[in-house]
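Coordinates as given in start-v6.txt (compact mmCIF, C-alpha atoms):
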# COMPACT_ATOMS: atom_id res chain seq x y z
CA MET A 1 0.00 0.00 0.00
CA GLU A 2 1.44 3.32 -1.00
CA LEU A 3 1.81 5.94 1.70
CA PHE A 4 1.17 8.81 -0.72
CA LYS A 5 -1.27 8.82 -3.60
CA GLY A 6 0.86 11.17 -5.63
CA MET A 7 3.56 13.81 -5.62
CA LYS A 8 1.03 16.54 -4.79
CA GLU A 9 -0.09 14.80 -1.62
CA ARG A 10 3.51 14.13 -0.60
CA HIS A 11 4.34 17.79 -1.10
CA GLU A 12 1.31 18.85 0.96
CA PHE A 13 2.36 16.50 3.78
CA GLU A 14 5.93 17.82 3.82
CA GLN A 15 4.67 21.41 3.95
CA ALA A 16 2.29 20.58 6.80
CA LYS A 17 5.03 18.77 8.75
CA ALA A 18 7.54 21.62 8.29
CA ALA A 19 4.98 24.20 9.44
CA PHE A 20 4.05 22.14 12.50
CA ASP A 21 7.70 21.45 13.45
CA ALA A 22 8.55 25.16 13.24
CA TRP A 23 5.50 26.08 15.33
CA ASN A 24 6.25 23.36 17.88
CA GLN A 25 9.84 24.52 18.32
CA GLN A 26 8.81 28.15 18.79
CA HIS A 27 6.03 27.16 21.21
CA ASP A 28 8.42 25.02 23.30
CA GLU A 29 11.03 27.80 23.45
CA VAL A 30 8.52 30.44 24.59
CA GLN A 31 6.90 28.07 27.09
CA SER A 32 10.29 27.06 28.52
CA ALA A 33 11.32 30.71 28.85
CA LEU A 34 8.03 31.50 30.58
CA ASN A 35 8.46 28.66 33.09
CA LEU A 36 12.08 29.55 33.87
CA ILE A 37 11.41 33.27 34.33
CA LYS A 38 8.37 32.50 36.48
CA GLN A 39 10.54 30.58 38.92
CA GLY A 40 13.30 33.23 38.81
CA GLY A 41 15.89 31.07 37.05
CA ASP A 42 17.81 27.96 38.07
CA PHE A 43 18.94 28.17 41.71
CA THR A 44 20.67 24.78 41.64
CA ASN A 45 23.52 25.79 39.29
CA ASN A 46 26.64 25.26 41.43
CA SER A 47 29.18 26.32 38.80
CA LEU A 48 28.60 30.04 39.54
CA ASN A 49 28.67 31.78 42.90
CA LEU A 50 25.12 33.11 42.88
CA GLN A 51 24.01 36.17 44.79
CA ARG A 52 21.01 36.09 47.09
CA GLY A 53 17.82 35.64 45.06
CA GLU A 54 19.74 35.23 41.79
CA GLY A 55 18.93 32.42 39.38
CA VAL A 56 20.66 31.28 36.19
CA TYR A 57 18.70 31.55 32.94
CA ILE A 58 21.27 30.01 30.60
CA GLN A 59 24.87 28.79 30.71
CA VAL A 60 26.82 28.64 27.45
CA HIS A 61 29.84 26.33 27.44
CA ASN A 62 33.16 26.69 25.58
CA VAL A 63 32.89 30.32 24.51
CA SER A 64 35.83 32.56 23.59
CA LEU A 65 36.45 36.01 25.00
CA MET A 66 37.42 38.28 22.10
CA GLY A 67 40.05 41.00 22.35
CA GLN A 68 42.61 42.97 20.37
CA VAL A 69 45.95 41.24 19.85
CA LYS A 70 49.04 42.46 18.04
CA SER A 71 50.95 40.24 15.65
CA ALA A 72 54.74 40.10 15.79
CA GLY A 73 56.63 42.82 13.94
CA HIS A 74 59.50 42.20 11.54
CA TYR A 75 62.68 43.86 10.25
CA VAL A 76 62.91 44.90 6.60
CA SER A 77 66.50 44.97 5.36
CA GLY A 78 67.86 47.89 3.35
CA HIS A 79 68.97 48.05 -0.30
CA GLN A 80 72.39 49.00 -1.67
CA GLY A 81 70.85 50.64 -4.69
CA VAL A 82 72.50 51.18 -8.11
CA SER A 83 75.58 53.29 -8.78
CA ILE A 84 75.33 55.27 -12.03
CA PRO A 85 78.32 57.13 -13.61
CA ILE A 86 77.35 60.73 -14.35
CA GLY A 87 80.70 62.24 -15.44
CA SER A 88 84.30 62.79 -14.38
CA LEU A 89 86.11 65.29 -12.22
CA GLY A 90 89.87 65.71 -12.27
CA GLY A 91 90.27 62.47 -14.13
CA ARG A 92 88.14 60.60 -11.62
CA SER A 93 84.73 59.12 -12.35
CA VAL A 94 81.79 60.67 -10.54
CA ARG A 95 78.97 58.28 -9.74
CA TYR A 96 75.47 58.76 -8.27
CA ASN A 97 73.78 56.11 -6.16
CA VAL A 98 70.07 55.55 -6.78
CA GLY A 99 67.66 53.48 -4.67
CA ARG A 100 69.76 53.03 -1.53
CA SER A 101 67.67 52.63 1.62
CA ARG A 102 68.34 51.81 5.24
CA GLY A 103 66.74 48.84 6.98
CA HIS A 104 63.78 49.52 9.25
CA TYR A 105 61.41 47.78 11.68
CA VAL A 106 57.74 47.27 10.72
CA SER A 107 55.33 47.03 13.64
CA GLY A 108 52.82 44.16 13.78
CA THR A 109 49.15 44.70 12.93
CA THR A 110 46.34 44.67 15.50
CA HIS A 111 43.40 42.33 14.99
CA GLU A 112 40.62 40.70 17.01
CA ALA A 113 41.09 37.16 18.26
CA GLY A 114 40.18 34.89 21.14
CA ILE A 115 42.17 35.81 24.25
CA ASP A 116 40.47 33.54 26.79
CA SER A 117 37.99 30.65 26.93
CA GLY A 118 35.32 29.73 29.42
CA GLU A 119 31.61 29.95 30.23
CA LEU A 120 28.97 32.64 29.70
CA TYR A 121 26.11 32.94 32.19
CA ILE A 122 22.93 34.96 31.78
CA THR A 123 21.25 35.29 35.18
CA SER A 124 18.34 37.21 36.63
CA SER A 125 20.71 40.03 37.62
CA ARG A 126 24.01 39.69 35.73
CA ILE A 127 25.88 38.70 32.59
CA VAL A 128 29.01 36.82 33.67
CA PHE A 129 31.98 35.50 31.69
CA THR A 130 34.23 33.15 33.66
CA GLY A 131 37.45 32.26 31.87
CA THR A 132 40.76 30.63 32.61
CA LYS A 133 42.44 34.03 32.87
CA LYS A 134 39.77 36.49 33.97
CA THR A 135 36.16 36.97 35.00
CA THR A 136 33.95 39.77 33.69
CA VAL A 137 30.73 40.66 35.52
CA ILE A 138 28.14 43.01 34.00
CA PRO A 139 25.11 43.91 36.14
CA LEU A 140 21.99 43.96 33.96
CA SER A 141 21.18 47.43 35.29
CA THR A 142 24.36 48.78 33.61
CA VAL A 143 23.76 47.29 30.13
CA VAL A 144 23.64 50.03 27.48
CA SER A 145 23.23 47.80 24.43
CA ALA A 146 23.47 44.16 23.36
CA SER A 147 23.75 42.70 19.87
CA ALA A 148 24.67 39.53 18.01
CA ASN A 149 26.51 39.19 14.71
CA GLY A 150 28.77 36.62 13.12
CA GLY A 151 28.54 34.27 16.08
CA VAL A 152 29.69 36.99 18.50
CA ILE A 153 27.61 38.46 21.33
CA THR A 154 28.51 42.09 22.13
CA VAL A 155 27.39 43.70 25.39
CA SER A 156 28.17 47.33 26.18
CA SER A 157 27.99 48.46 29.80
CA SER A 158 28.32 51.78 31.58
CA LYS A 159 30.63 49.91 33.95
CA TYR A 160 33.34 49.30 31.35
CA VAL A 161 34.99 51.36 28.62
CA LYS A 162 35.23 48.41 26.23
CA PRO A 163 32.28 46.13 25.44
CA LEU A 164 32.25 42.45 26.33
CA ARG A 165 32.58 40.41 23.13
CA VAL A 166 32.11 36.66 23.32
CA PHE A 167 32.26 34.22 20.42
CA MET A 168 29.94 31.22 20.65
CA GLY A 169 29.10 30.40 17.03
CA ALA A 170 26.22 31.32 14.75
CA GLN A 171 24.12 28.27 15.69
CA ILE A 172 23.40 29.46 19.25
CA GLU A 173 24.06 33.20 18.85
CA SER A 174 20.40 34.14 18.32
CA TRP A 175 19.23 31.92 21.19
CA ALA A 176 21.69 33.53 23.64
CA SER A 177 20.86 37.00 22.30
CA GLU A 178 17.14 36.45 22.97
CA TRP A 179 17.88 35.40 26.53
CA ILE A 180 19.96 38.53 27.09
CA LYS A 181 17.01 40.62 25.88
CA LEU A 182 14.66 38.75 28.23
CA ALA A 183 17.04 39.18 31.17
CA ILE A 184 17.34 42.92 30.49
CA ALA A 185 13.55 43.20 30.20
CA VAL A 186 13.12 41.47 33.59
CA SER A 187 15.68 43.87 35.10
CA ASN A 188 14.10 46.99 33.58
CA ASP A 189 10.37 46.21 33.51
CA GLY A 190 10.04 43.61 36.26
CA LYS A 191 9.39 39.87 36.21
CA ASP A 192 5.58 40.18 36.27
CA LYS A 193 5.53 42.26 33.07
CA VAL A 194 7.75 39.81 31.19
CA VAL A 195 5.72 36.84 32.45
CA GLU A 196 2.56 38.55 31.21
CA ASP A 197 4.09 39.21 27.77
CA LEU A 198 5.33 35.62 27.42
CA THR A 199 1.98 34.25 28.56
CA ASN A 200 0.27 36.28 25.84
CA GLN A 201 2.75 34.94 23.29
CA VAL A 202 1.93 31.35 24.31
CA VAL A 203 -1.82 32.05 24.00
CA GLU A 204 -1.33 33.57 20.52
CA LEU A 205 0.82 30.64 19.41
CA GLU A 206 -1.72 28.08 20.62
CA ALA A 207 -4.45 29.96 18.78
CA SER A 208 -2.45 29.69 15.55
CA ARG A 209 -1.45 26.03 15.97
CA PRO A 210 -1.08 24.46 12.52
CA MET A 211 -2.25 21.00 11.55
CA SER A 212 -0.04 18.20 12.90
CA PRO A 213 1.11 15.32 10.64
CA THR A 214 -1.44 13.04 12.36
CA GLN A 215 -4.24 15.55 11.77
CA PHE A 216 -3.11 15.83 8.15
CA TRP A 217 -3.62 12.11 7.59
CA ASP A 218 -6.96 12.14 9.43
CA SER A 219 -8.20 14.95 7.20
CA LYS A 220 -7.11 13.04 4.10
CA LYS A 221 -8.90 9.89 5.26
CA SER A 222 -12.10 11.79 5.94
CA ASN A 223 -11.99 13.26 2.44
CA ASP A 224 -11.43 9.93 0.73
Could you write out this file's structure as structure tokens?
Amino acid sequence: MELFKGMKERHEFEQAKAAFDAWNQQHDEVQSALNLIKQGGDFTNNSLNLQRGEGVYIQVHNVSLMGQVKSAGHYVSGHQGVSIPIGSLGGRSVRYNVGRSRGHYVSGTTHEAGIDSGELYITSSRIVFTGTKKTTVIPLSTVVSASANGGVITVSSSKYVKPLRVFMGAQIESWASEWIKLAIAVSNDGKDKVVEDLTNQVVELEASRPMSPTQFWDSKKSND
């Protein structure tokens, strides 16, 4: 017995499945965020010294702290040039040297690279990078801006002159960026407001729930 009656039905099934999978993923992410923010974060995370009443929203492993590094300089040797005869004086040849230069040192160039590795924590009150060489703590109340691009999360704070830049890869960049936005919203607007907004999002998503693969087959059977 053939599963599909034709290419059209197969295509319709694949479209329905893709739509449902995308909806289901979004629904689970919003619902999980709602549940975690409701409870104030994870209070059982022992890898970070939590403050009183602070909970961890997310912990991102194996990230790289980005910074400016300078490559090694090098010495450029000089040139003897070319000696050209231009005449004579008192029976002696007069020559002029062209292209002679002295050796000189060329400084290395500055570029961005990973300078430390460790963990990134987004909590209910802070953004914390703990590395093998240093720890950077940014209170959410001091965050001026946060963005994500090219796998790098950038957080500017009134506490520091330079922004915190952490590389984690493009696959999880948007997920971590959304959590930073949620954490900042909780800090600025309060937990109750964010819980209300997320609850409304869940209600809207459930109202727009697409047909599941099982419902797709049931509808086809009823139409046969």
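Atom pair atom CA of A:Ala146 / atom CA of A:Trp179 has a distance of 10.9 Å (rounded to one decimal).
The two atoms in question, atom CA of A:Leu36 and atom CA of A:Glu196, are spaced 13.4 Å apart.
If you look at atom CA of A:Leu48 and atom CA of A:His27, they are 29.2 Å away from each other.
Counting all atoms listed in the file and comparing A:Val186, A:Ala72, A:Val128, A:Ile58, the residue that lies closest to A:Leu198 is A:Val186.
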What's the 12 Å shell around A:Asn49, counting only C-alpha atoms, without same-chain residues fewer than 2 positions away, as a PyMOL selection string? chain A and resi 43-47+51-56+121+123+126+128+130+137
May I ask which of the residues A:Met211, A:Leu205, A:Val155, A:Ile122 is the closest one to A:Gln26, counting only C-alpha atoms? A:Leu205
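Closest approach to A:Gln171 among A:Thr142, A:Asn149, A:Leu50, A:Lys133: A:Asn149, based on all atoms listed in the file.
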Nearest residue to A:Thr132 from the set A:Ser145, A:Asn35, A:Leu65, A:Lys17 (distances using only C-alpha atoms): A:Leu65
Which one of A:Gln31, A:Gly150, A:Val166, A:Glu173 sits closest to A:Thr199 if you count only C-alpha atoms? A:Gln31
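Of the listed residues A:Gln59, A:Gly40, A:Phe13, A:Lys70, the one whose atoms come nearest to A:Gln215 is A:Phe13, with distances taken using only C-alpha atoms.
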